[in-house]
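Visitor: I'm passing along upload.tsv; it holds TSV, C-alpha atoms and all ligand atoms.
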chain	number	residue	atom	x	y	z
E	6	MET	CA	-4.94	37.28	-18.31
E	7	PRO	CA	-8.09	38.87	-16.79
E	8	LEU	CA	-10.45	36.25	-18.31
E	9	LEU	CA	-8.37	33.34	-16.94
E	10	ASP	CA	-8.21	35.03	-13.52
E	11	THR	CA	-12.00	35.42	-13.52
E	12	LEU	CA	-12.46	31.76	-14.49
E	13	ALA	CA	-10.04	30.65	-11.77
E	14	ARG	CA	-11.85	32.76	-9.15
E	15	PHE	CA	-15.24	31.35	-10.19
E	16	ASN	CA	-13.91	27.77	-10.07
E	17	ASP	CA	-12.35	28.33	-6.63
E	18	ALA	CA	-15.69	29.60	-5.36
E	19	HIS	CA	-17.57	26.61	-6.89
E	20	PRO	CA	-15.36	23.58	-6.13
E	21	TRP	CA	-16.20	20.04	-7.23
E	22	SER	CA	-14.06	16.95	-7.72
E	23	HIS	CA	-13.43	15.91	-11.33
E	24	ASN	CA	-12.19	12.59	-9.97
E	25	ALA	CA	-15.27	11.75	-7.91
E	26	HIS	CA	-17.33	12.53	-11.04
E	27	PHE	CA	-15.98	9.22	-12.46
E	28	HIS	CA	-16.80	7.05	-9.41
E	29	PRO	CA	-20.24	5.87	-10.65
E	30	TRP	CA	-18.65	4.99	-14.01
E	31	ILE	CA	-15.87	3.07	-12.23
E	32	LEU	CA	-18.41	1.00	-10.29
E	33	ARG	CA	-20.18	0.15	-13.56
E	34	GLN	CA	-16.94	-1.45	-14.86
E	35	LEU	CA	-16.74	-3.84	-11.90
E	36	PRO	CA	-18.49	-7.08	-10.98
E	37	ARG	CA	-21.44	-6.86	-8.57
E	38	ARG	CA	-19.34	-8.58	-5.86
E	39	PHE	CA	-15.61	-9.23	-5.60
E	40	ASP	CA	-13.18	-10.31	-2.93
E	41	ARG	CA	-10.09	-8.04	-2.71
E	42	ALA	CA	-9.57	-4.53	-4.09
E	43	LEU	CA	-6.60	-2.14	-4.06
E	44	ASP	CA	-6.98	1.62	-4.63
E	45	VAL	CA	-3.58	3.12	-5.44
E	46	GLY	CA	-3.16	6.80	-4.48
E	47	CYS	CA	-6.44	6.65	-2.60
E	48	GLY	CA	-6.34	10.25	-1.31
E	49	SER	CA	-9.11	10.81	1.24
E	50	GLY	CA	-10.54	7.33	0.58
E	51	ASP	CA	-13.88	8.18	-1.10
E	52	LEU	CA	-13.45	5.54	-3.81
E	53	ALA	CA	-12.13	2.92	-1.34
E	54	ARG	CA	-15.30	3.37	0.76
E	55	LEU	CA	-17.46	2.99	-2.36
E	56	LEU	CA	-15.60	-0.15	-3.41
E	57	ALA	CA	-16.27	-1.54	0.08
E	58	THR	CA	-19.98	-1.67	-0.77
E	59	ARG	CA	-19.08	-4.47	-3.24
E	60	ALA	CA	-15.88	-6.02	-1.86
E	61	ASN	CA	-14.89	-8.28	1.02
E	62	GLN	CA	-11.67	-6.29	1.62
E	63	VAL	CA	-10.43	-2.98	0.25
E	64	HIS	CA	-6.95	-1.60	0.82
E	65	GLY	CA	-6.16	2.05	0.00
E	66	ILE	CA	-2.56	3.21	-0.22
E	67	ASP	CA	-1.18	6.71	-0.59
E	68	SER	CA	2.29	8.17	-0.10
E	69	ASP	CA	0.92	11.21	1.77
E	70	GLU	CA	0.61	10.64	5.51
E	71	ARG	CA	-1.75	13.60	6.07
E	72	ILE	CA	-4.30	12.47	3.48
E	73	ILE	CA	-4.19	8.89	4.81
E	74	GLY	CA	-5.03	10.36	8.22
E	75	LYS	CA	-8.07	12.09	6.64
E	76	ALA	CA	-9.07	8.83	4.91
E	77	ARG	CA	-8.98	6.96	8.25
E	78	GLU	CA	-10.91	9.73	10.05
E	79	SER	CA	-13.68	9.62	7.42
E	80	THR	CA	-14.09	5.84	7.44
E	81	ASP	CA	-16.57	3.94	9.58
E	82	PRO	CA	-14.52	1.27	11.44
E	83	GLY	CA	-17.17	-1.30	10.52
E	84	LEU	CA	-16.33	-1.03	6.81
E	85	PRO	CA	-13.97	-3.64	5.34
E	86	VAL	CA	-11.42	-0.95	4.38
E	87	THR	CA	-7.82	-0.47	5.51
E	88	PHE	CA	-5.46	2.37	4.61
E	89	ALA	CA	-1.68	2.55	4.62
E	90	VAL	CA	1.00	5.10	3.84
E	91	ALA	CA	2.88	3.39	1.01
E	92	ASP	CA	4.63	4.23	-2.22
E	93	GLY	CA	2.71	3.14	-5.31
E	94	ARG	CA	6.05	2.86	-7.16
E	95	SER	CA	7.16	-0.13	-5.13
E	96	TYR	CA	4.05	-1.37	-3.28
E	97	ASP	CA	3.84	-5.11	-3.74
E	98	ARG	CA	2.32	-6.74	-0.70
E	99	GLY	CA	-0.61	-9.04	-0.44
E	100	SER	CA	-1.50	-9.39	-4.13
E	101	PRO	CA	-3.36	-10.73	-6.08
E	102	TYR	CA	-6.34	-8.35	-6.21
E	103	ASP	CA	-9.62	-8.89	-8.01
E	104	VAL	CA	-9.90	-5.15	-8.62
E	105	ILE	CA	-7.23	-2.45	-8.85
E	106	THR	CA	-8.23	1.20	-9.21
E	107	CYS	CA	-6.03	4.24	-9.70
E	108	VAL	CA	-7.65	7.67	-10.08
E	109	ALA	CA	-5.61	10.74	-11.05
E	110	VAL	CA	-2.42	9.10	-9.76
E	111	LEU	CA	-0.72	7.30	-12.66
E	112	HIS	CA	1.00	10.53	-13.76
E	113	HIS	CA	2.76	10.60	-10.35
E	114	LEU	CA	4.23	7.13	-11.07
E	115	PRO	CA	6.57	5.65	-13.71
E	116	LEU	CA	4.17	4.64	-16.49
E	117	SER	CA	5.45	1.31	-17.85
E	118	GLU	CA	6.62	-0.17	-14.55
E	119	THR	CA	3.33	0.73	-12.89
E	120	LEU	CA	1.15	-0.77	-15.64
E	121	LEU	CA	3.27	-3.95	-15.51
E	122	ARG	CA	3.00	-4.12	-11.71
E	123	PHE	CA	-0.79	-3.74	-11.89
E	124	ARG	CA	-0.91	-6.58	-14.43
E	125	GLN	CA	1.16	-8.77	-12.13
E	126	GLN	CA	-0.87	-7.86	-9.05
E	127	LEU	CA	-4.26	-8.62	-10.63
E	128	ALA	CA	-5.79	-12.01	-10.02
E	129	PRO	CA	-6.77	-14.00	-13.13
E	130	GLY	CA	-10.13	-12.61	-14.29
E	131	GLY	CA	-9.51	-9.39	-12.31
E	132	THR	CA	-10.23	-5.83	-13.48
E	133	LEU	CA	-7.96	-2.79	-13.61
E	134	VAL	CA	-9.67	0.62	-13.86
E	135	ILE	CA	-7.66	3.82	-14.28
E	136	VAL	CA	-8.85	7.40	-14.56
E	137	GLY	CA	-5.83	9.40	-15.60
E	138	LEU	CA	-4.35	12.66	-16.75
E	139	THR	CA	-1.86	13.06	-19.58
E	140	ARG	CA	-0.33	15.96	-21.45
E	141	GLU	CA	-2.64	16.95	-24.32
E	142	ASP	CA	-1.01	16.15	-27.65
E	143	THR	CA	-3.97	15.36	-29.92
E	144	ARG	CA	-6.62	17.62	-31.43
E	145	VAL	CA	-9.42	15.56	-29.93
E	146	GLN	CA	-8.01	16.11	-26.46
E	147	THR	CA	-7.57	19.82	-27.04
E	148	LEU	CA	-11.19	20.02	-28.21
E	149	LEU	CA	-12.47	18.04	-25.22
E	150	GLY	CA	-10.40	20.31	-22.96
E	151	LEU	CA	-11.99	23.41	-24.48
E	152	VAL	CA	-15.51	22.00	-24.19
E	153	SER	CA	-14.72	21.14	-20.55
E	154	VAL	CA	-14.12	24.80	-19.63
E	155	PRO	CA	-17.79	25.94	-19.82
E	156	LEU	CA	-19.07	22.54	-18.62
E	157	ASN	CA	-16.80	22.85	-15.60
E	158	LEU	CA	-18.29	26.26	-14.76
E	159	VAL	CA	-21.87	25.05	-15.15
E	160	THR	CA	-21.26	21.85	-13.15
E	161	GLY	CA	-19.51	23.78	-10.36
E	162	TRP	CA	-22.41	26.23	-10.24
E	163	ILE	CA	-25.05	23.46	-10.14
E	164	LYS	CA	-23.23	21.40	-7.50
E	165	ASN	CA	-22.74	24.42	-5.21
E	166	ARG	CA	-26.20	25.97	-5.67
E	167	GLY	CA	-27.70	27.14	-2.39
E	168	ARG	CA	-24.41	26.86	-0.45
E	169	THR	CA	-23.35	30.12	1.17
E	170	ALA	CA	-19.66	29.27	1.68
E	171	PRO	CA	-18.77	26.23	-0.43
E	172	ARG	CA	-15.84	24.24	0.95
E	173	ARG	CA	-13.43	22.24	-1.17
E	174	PRO	CA	-14.18	18.52	-0.78
E	175	VAL	CA	-11.48	16.85	1.40
E	176	ALA	CA	-10.53	14.76	-1.65
E	177	MET	CA	-9.40	17.97	-3.35
E	178	THR	CA	-6.81	18.62	-0.64
E	179	ALA	CA	-4.69	15.62	-1.75
E	180	PRO	CA	-1.33	16.40	-3.37
E	181	THR	CA	-1.49	17.00	-7.14
E	182	ARG	CA	1.00	17.53	-9.94
E	183	PRO	CA	0.74	18.37	-13.66
E	184	ALA	CA	0.82	15.47	-16.11
E	185	ASP	CA	3.88	15.35	-18.36
E	186	VAL	CA	3.48	12.07	-20.32
E	187	PRO	CA	1.81	12.81	-23.69
E	188	TYR	CA	-1.47	10.98	-24.34
E	189	THR	CA	-0.09	9.23	-27.46
E	190	GLU	CA	2.80	7.77	-25.45
E	191	PHE	CA	0.40	6.61	-22.75
E	192	VAL	CA	-1.78	4.88	-25.39
E	193	ARG	CA	1.24	3.15	-26.96
E	194	GLU	CA	2.47	1.79	-23.62
E	195	ALA	CA	-1.00	0.79	-22.41
E	196	ARG	CA	-1.65	-1.19	-25.64
E	197	ARG	CA	1.78	-2.83	-25.48
E	198	LEU	CA	1.55	-3.86	-21.84
E	199	LEU	CA	-2.18	-4.56	-21.48
E	200	PRO	CA	-3.43	-6.43	-24.56
E	201	GLY	CA	-7.11	-5.78	-25.30
E	202	VAL	CA	-7.14	-2.65	-23.10
E	203	ARG	CA	-10.12	-0.26	-23.51
E	204	LEU	CA	-9.09	3.40	-23.62
E	205	ARG	CA	-11.23	6.53	-23.89
E	206	ARG	CA	-10.57	10.25	-23.82
E	207	ARG	CA	-12.96	12.05	-21.52
E	208	LEU	CA	-14.24	15.43	-20.51
E	209	PHE	CA	-12.71	17.30	-17.57
E	210	TRP	CA	-9.10	16.66	-18.69
E	211	ARG	CA	-9.18	12.95	-17.98
E	212	HIS	CA	-8.91	9.65	-19.85
E	213	THR	CA	-10.04	6.21	-18.76
E	214	LEU	CA	-8.58	2.70	-19.05
E	215	VAL	CA	-10.25	-0.64	-18.36
E	216	TRP	CA	-8.38	-3.93	-18.60
E	217	LYS	CA	-9.52	-7.41	-17.67
E	218	LYS	CA	-6.82	-9.96	-17.01
E	219	VAL	CA	-7.44	-13.17	-18.90
E	220	ARG	CA	-7.17	-16.33	-16.85
E	221	GLU	CA	-4.19	-17.67	-18.84
E	222	ASP	CA	-2.15	-14.41	-18.88
E	223	VAL	CA	1.53	-14.78	-19.93
E	224	ASP	CA	4.30	-13.78	-17.53
E	225	PRO	CA	4.29	-9.97	-17.99
E	226	GLY	CA	7.90	-9.80	-16.70
E	227	ARG	CA	8.96	-10.74	-20.24
E	228	LEU	CA	7.46	-7.56	-21.70
E	229	GLY	CA	10.05	-5.32	-20.03
E	230	SER	CA	10.01	-1.56	-19.99
E	231	THR	CA	10.82	1.13	-22.54
E	232	GLN	CA	11.04	4.04	-20.12
E	233	GLY	CA	12.47	4.92	-16.74
W	1	LIG	C1	-4.79	14.03	-7.51
W	1	LIG	S1	-4.67	13.10	-6.04
W	1	LIG	C2	-5.94	11.85	-6.34
W	1	LIG	C3	-6.42	11.21	-5.08
W	1	LIG	C4	-7.60	10.27	-5.22
W	1	LIG	N1	-7.26	9.12	-6.04
W	1	LIG	C5	-8.83	10.98	-5.77
W	1	LIG	O1	-9.31	10.58	-6.83
W	1	LIG	O2	-9.30	11.90	-5.13
W	1	LIG	C6	-3.15	12.18	-6.32
W	1	LIG	C7	-2.82	11.29	-5.14
W	1	LIG	O3	-1.70	10.47	-5.48
W	1	LIG	C8	-0.89	10.34	-4.33
W	1	LIG	N2	0.46	9.92	-4.72
W	1	LIG	C9	1.39	10.65	-5.36
W	1	LIG	N3	2.51	9.93	-5.54
W	1	LIG	C10	2.27	8.71	-4.99
W	1	LIG	C11	3.04	7.53	-4.85
W	1	LIG	N4	4.29	7.44	-5.31
W	1	LIG	N5	2.48	6.47	-4.22
W	1	LIG	C12	1.21	6.53	-3.74
W	1	LIG	N6	0.43	7.62	-3.85
W	1	LIG	C13	0.95	8.70	-4.47
W	1	LIG	C14	-0.95	11.72	-3.71
W	1	LIG	O4	-0.53	11.73	-2.36
W	1	LIG	C15	-2.42	12.06	-3.89
W	1	LIG	O5	-3.21	11.65	-2.80
Could you rewrite the structure in this file as structure tokens?
Guide:
Amino acid sequence: MPLLDTLARFNDAHPWSHNAHFHPWILRQLPRRFDRALDVGCGSGDLARLLATRANQVHGIDSDERIIGKARESTDPGLPVTFAVADGRSYDRGSPYDVITCVAVLHHLPLSETLLRFRQQLAPGGTLVIVGLTREDTRVQTLLGLVSVPLNLVTGWIKNRGRTAPRRPVAMTAPTRPADVPYTEFVREARRLLPGVRLRRRLFWRHTLVWKKVREDVDPGRLGSTQG
């Protein structure tokens, strides 16, 4: 469709990261200082470096070797951040973490198993923060998606004002894939596996999740999984 092509061309010429847009919000969900943090699917490491301003140690993992190379290149060796090529579906070394973050990655991973693993890997009192993508299956989401179209144009224009040849942020070169889990299924699983979880639908085709692990958490292994 000509209108969609025009929108796509404008957006390509005015790139900005919808994921990085949530970084200040993510920091606001976290304690002022914490010990160990894990960023799953860290991409080019922007969030890991931000977390390092509050943490004693941050570890970023991503399954893509090229993007981990970019993350290492962009990181001052003096920062308490390490990166590794690892699969978020099975990564289980060195827990517990006081903070686990996962931005625009959960839809690459099996939903229930991953939420359970995060619950197990969090230290008592720790915080899990997810910014995610799901398939739209509610009216509210469709409406937020529609409102996001003009806001996306305006934000892209403002962020790229004065630049002659805007370049895509390195973070936007990380592998992506469309989300196929419907939002309602995500909500059901998140509430089942993470009691007391805070969920919100957001602009720019995202939703957010915050969960704090209580100190006397039950063994989450008993909750099992309802999907593969
Ligand atoms: C859309 S990018 C988001 C990157 C980064 N979190 C950000 O906000 O810019 C999705 C990332 O998930 C990573 N990824 C996909 N499958 C993965 C897996 N099984 N384990 C770890 N990382 C994975 C991709 O390599 C990619 O870097």
Visitor: Let me see if you get this right: every residue at most 6 Å from ligand LIG 1 (chain W), counting all atoms listed in the file, written as a ChimeraX atom specification.
Guide: /E:24,46-48,67-69,91-94,108-110,113-114,176,179-181
Visitor: Just give me the gap between atom CA of Lys164 of chain E and atom CA of Lys75 of chain E in Å, one decimal is fine.
Guide: 22.7 Å
Visitor: Atom CA of Thr147 of chain E and atom CA of Pro171 of chain E are how many Å apart?
Guide: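 Between atom CA of Thr147 of chain E and atom CA of Pro171 of chain E the gap works out to 29.6 Å.
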Visitor: One decimal, in Å: what's the spacing between atom CA of Ser153 of chain E and atom CA of Val202 of chain E?
Guide: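 Taking atom CA of Ser153 of chain E and atom CA of Val202 of chain E, their separation equals 25.1 Å.
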Visitor: Find the spatial neighbours of Leu35 of chain E, counting all atoms listed in the file, within a cut-off of 8 Å - ignore same-chain residues fewer than 3 positions away - and output them as a list in words.
Guide: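 The residues that qualify are Ile31, Leu32, Val104 and Thr132 of chain E.
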Visitor: Kindly indicate which residue among E:Leu12, E:Val215, E:Leu55, E:Met6 lies nearest to Pro29 of chain E, using all atoms listed in the file for the distances.
Guide: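 That would be E:Leu55, the residue with the smallest distance to Pro29 of chain E.
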Visitor: Between E:Arg168, E:Arg203, E:Arg144, E:Lys218, which residue has the minimum interatomic distance to Tyr188 of chain E, considering all atoms listed in the file?
Guide: E:Arg144
Visitor: Which residue gives the smallest distance to Leu214 of chain E among E:Thr106, E:Thr87, E:Thr58, E:Ser22, with only C-alpha atoms counted?
Guide: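 Distance minimum relative to Leu214 of chain E lands on E:Thr106.
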Visitor: Near Gln126 of chain E, counting all atoms listed in the file, which residues have an atom at most 8 Å away, once you skip same-chain residues fewer than 5 positions from it, shown as a list in words?
Guide: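 Answer for this query is Asp97, Ser100, Pro101 and Tyr102 of chain E.
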Visitor: For the residues in the current selection, export C-alpha atoms as a PDB file, in the frame of the given file.
Guide:
ATOM      1  CA  ASP E  97       3.840  -5.110  -3.740  1.00  0.00           C
ATOM      2  CA  SER E 100      -1.500  -9.390  -4.130  1.00  0.00           C
ATOM      3  CA  PRO E 101      -3.360 -10.730  -6.080  1.00  0.00           C
ATOM      4  CA  TYR E 102      -6.340  -8.350  -6.210  1.00  0.00           C
TER       5      TYR E 102
END
Visitor: Which of these residues is nearest to Leu52 of chain E, using all atoms listed in the file: E:Leu199, E:Val90, E:Val136, E:Ala170?
Guide: E:Val136
Visitor: Find, counting all atoms listed in the file, the residue in E:Phe15, E:Pro7, E:Asp51, E:Leu158 that gets nearest to His28 of chain E.
Guide: E:Asp51
Visitor: Would you please take segment 169-185 of chain E of the structure in the block above and write N, CA and C atoms to a file as a PDB file, in the first residue's frame?
Guide:
ATOM      1  N   THR E 169      22.114  15.026   9.297  1.00  0.00           N
ATOM      2  CA  THR E 169      21.996  14.975   7.826  1.00  0.00           C
ATOM      3  C   THR E 169      21.777  13.538   7.348  1.00  0.00           C
ATOM      4  N   ALA E 170      22.527  12.580   7.912  1.00  0.00           N
ATOM      5  CA  ALA E 170      22.340  11.185   7.478  1.00  0.00           C
ATOM      6  C   ALA E 170      22.183  10.304   8.714  1.00  0.00           C
ATOM      7  N   PRO E 171      20.965  10.257   9.279  1.00  0.00           N
ATOM      8  CA  PRO E 171      20.780   9.504  10.516  1.00  0.00           C
ATOM      9  C   PRO E 171      21.148   8.029  10.335  1.00  0.00           C
ATOM     10  N   ARG E 172      21.896   7.500  11.336  1.00  0.00           N
ATOM     11  CA  ARG E 172      22.256   6.080  11.273  1.00  0.00           C
ATOM     12  C   ARG E 172      21.451   5.313  12.299  1.00  0.00           C
ATOM     13  N   ARG E 173      21.087   4.082  11.948  1.00  0.00           N
ATOM     14  CA  ARG E 173      20.358   3.257  12.911  1.00  0.00           C
ATOM     15  C   ARG E 173      21.243   3.015  14.130  1.00  0.00           C
ATOM     16  N   PRO E 174      20.712   3.200  15.360  1.00  0.00           N
ATOM     17  CA  PRO E 174      21.517   2.875  16.536  1.00  0.00           C
ATOM     18  C   PRO E 174      21.987   1.409  16.437  1.00  0.00           C
ATOM     19  N   VAL E 175      23.196   1.120  16.962  1.00  0.00           N
ATOM     20  CA  VAL E 175      23.739  -0.253  16.889  1.00  0.00           C
ATOM     21  C   VAL E 175      22.724  -1.240  17.483  1.00  0.00           C
ATOM     22  N   ALA E 176      22.050  -0.801  18.555  1.00  0.00           N
ATOM     23  CA  ALA E 176      21.073  -1.689  19.207  1.00  0.00           C
ATOM     24  C   ALA E 176      20.034  -2.205  18.209  1.00  0.00           C
ATOM     25  N   MET E 177      19.745  -1.392  17.193  1.00  0.00           N
ATOM     26  CA  MET E 177      18.697  -1.784  16.237  1.00  0.00           C
ATOM     27  C   MET E 177      19.207  -2.762  15.177  1.00  0.00           C
ATOM     28  N   THR E 178      20.481  -3.157  15.287  1.00  0.00           N
ATOM     29  CA  THR E 178      21.003  -4.145  14.336  1.00  0.00           C
ATOM     30  C   THR E 178      20.949  -5.559  14.939  1.00  0.00           C
ATOM     31  N   ALA E 179      20.422  -5.692  16.160  1.00  0.00           N
ATOM     32  CA  ALA E 179      20.307  -7.023  16.785  1.00  0.00           C
ATOM     33  C   ALA E 179      19.195  -7.814  16.085  1.00  0.00           C
ATOM     34  N   PRO E 180      19.318  -9.153  16.091  1.00  0.00           N
ATOM     35  CA  PRO E 180      18.278  -9.962  15.453  1.00  0.00           C
ATOM     36  C   PRO E 180      16.891  -9.730  16.074  1.00  0.00           C
ATOM     37  N   THR E 181      15.877  -9.712  15.225  1.00  0.00           N
ATOM     38  CA  THR E 181      14.498  -9.528  15.719  1.00  0.00           C
ATOM     39  C   THR E 181      13.621 -10.645  15.144  1.00  0.00           C
ATOM     40  N   ARG E 182      12.436 -10.771  15.686  1.00  0.00           N
ATOM     41  CA  ARG E 182      11.442 -11.680  15.099  1.00  0.00           C
ATOM     42  C   ARG E 182      10.056 -11.205  15.545  1.00  0.00           C
ATOM     43  N   PRO E 183       9.006 -11.515  14.757  1.00  0.00           N
ATOM     44  CA  PRO E 183       7.668 -11.083  15.166  1.00  0.00           C
ATOM     45  C   PRO E 183       7.195 -11.890  16.375  1.00  0.00           C
ATOM     46  N   ALA E 184       6.335 -11.267  17.173  1.00  0.00           N
ATOM     47  CA  ALA E 184       5.813 -11.944  18.365  1.00  0.00           C
ATOM     48  C   ALA E 184       4.615 -12.793  17.970  1.00  0.00           C
ATOM     49  N   ASP E 185       4.556 -14.043  18.450  1.00  0.00           N
ATOM     50  CA  ASP E 185       3.377 -14.846  18.093  1.00  0.00           C
ATOM     51  C   ASP E 185       2.496 -15.215  19.285  1.00  0.00           C
TER      52      ASP E 185
END
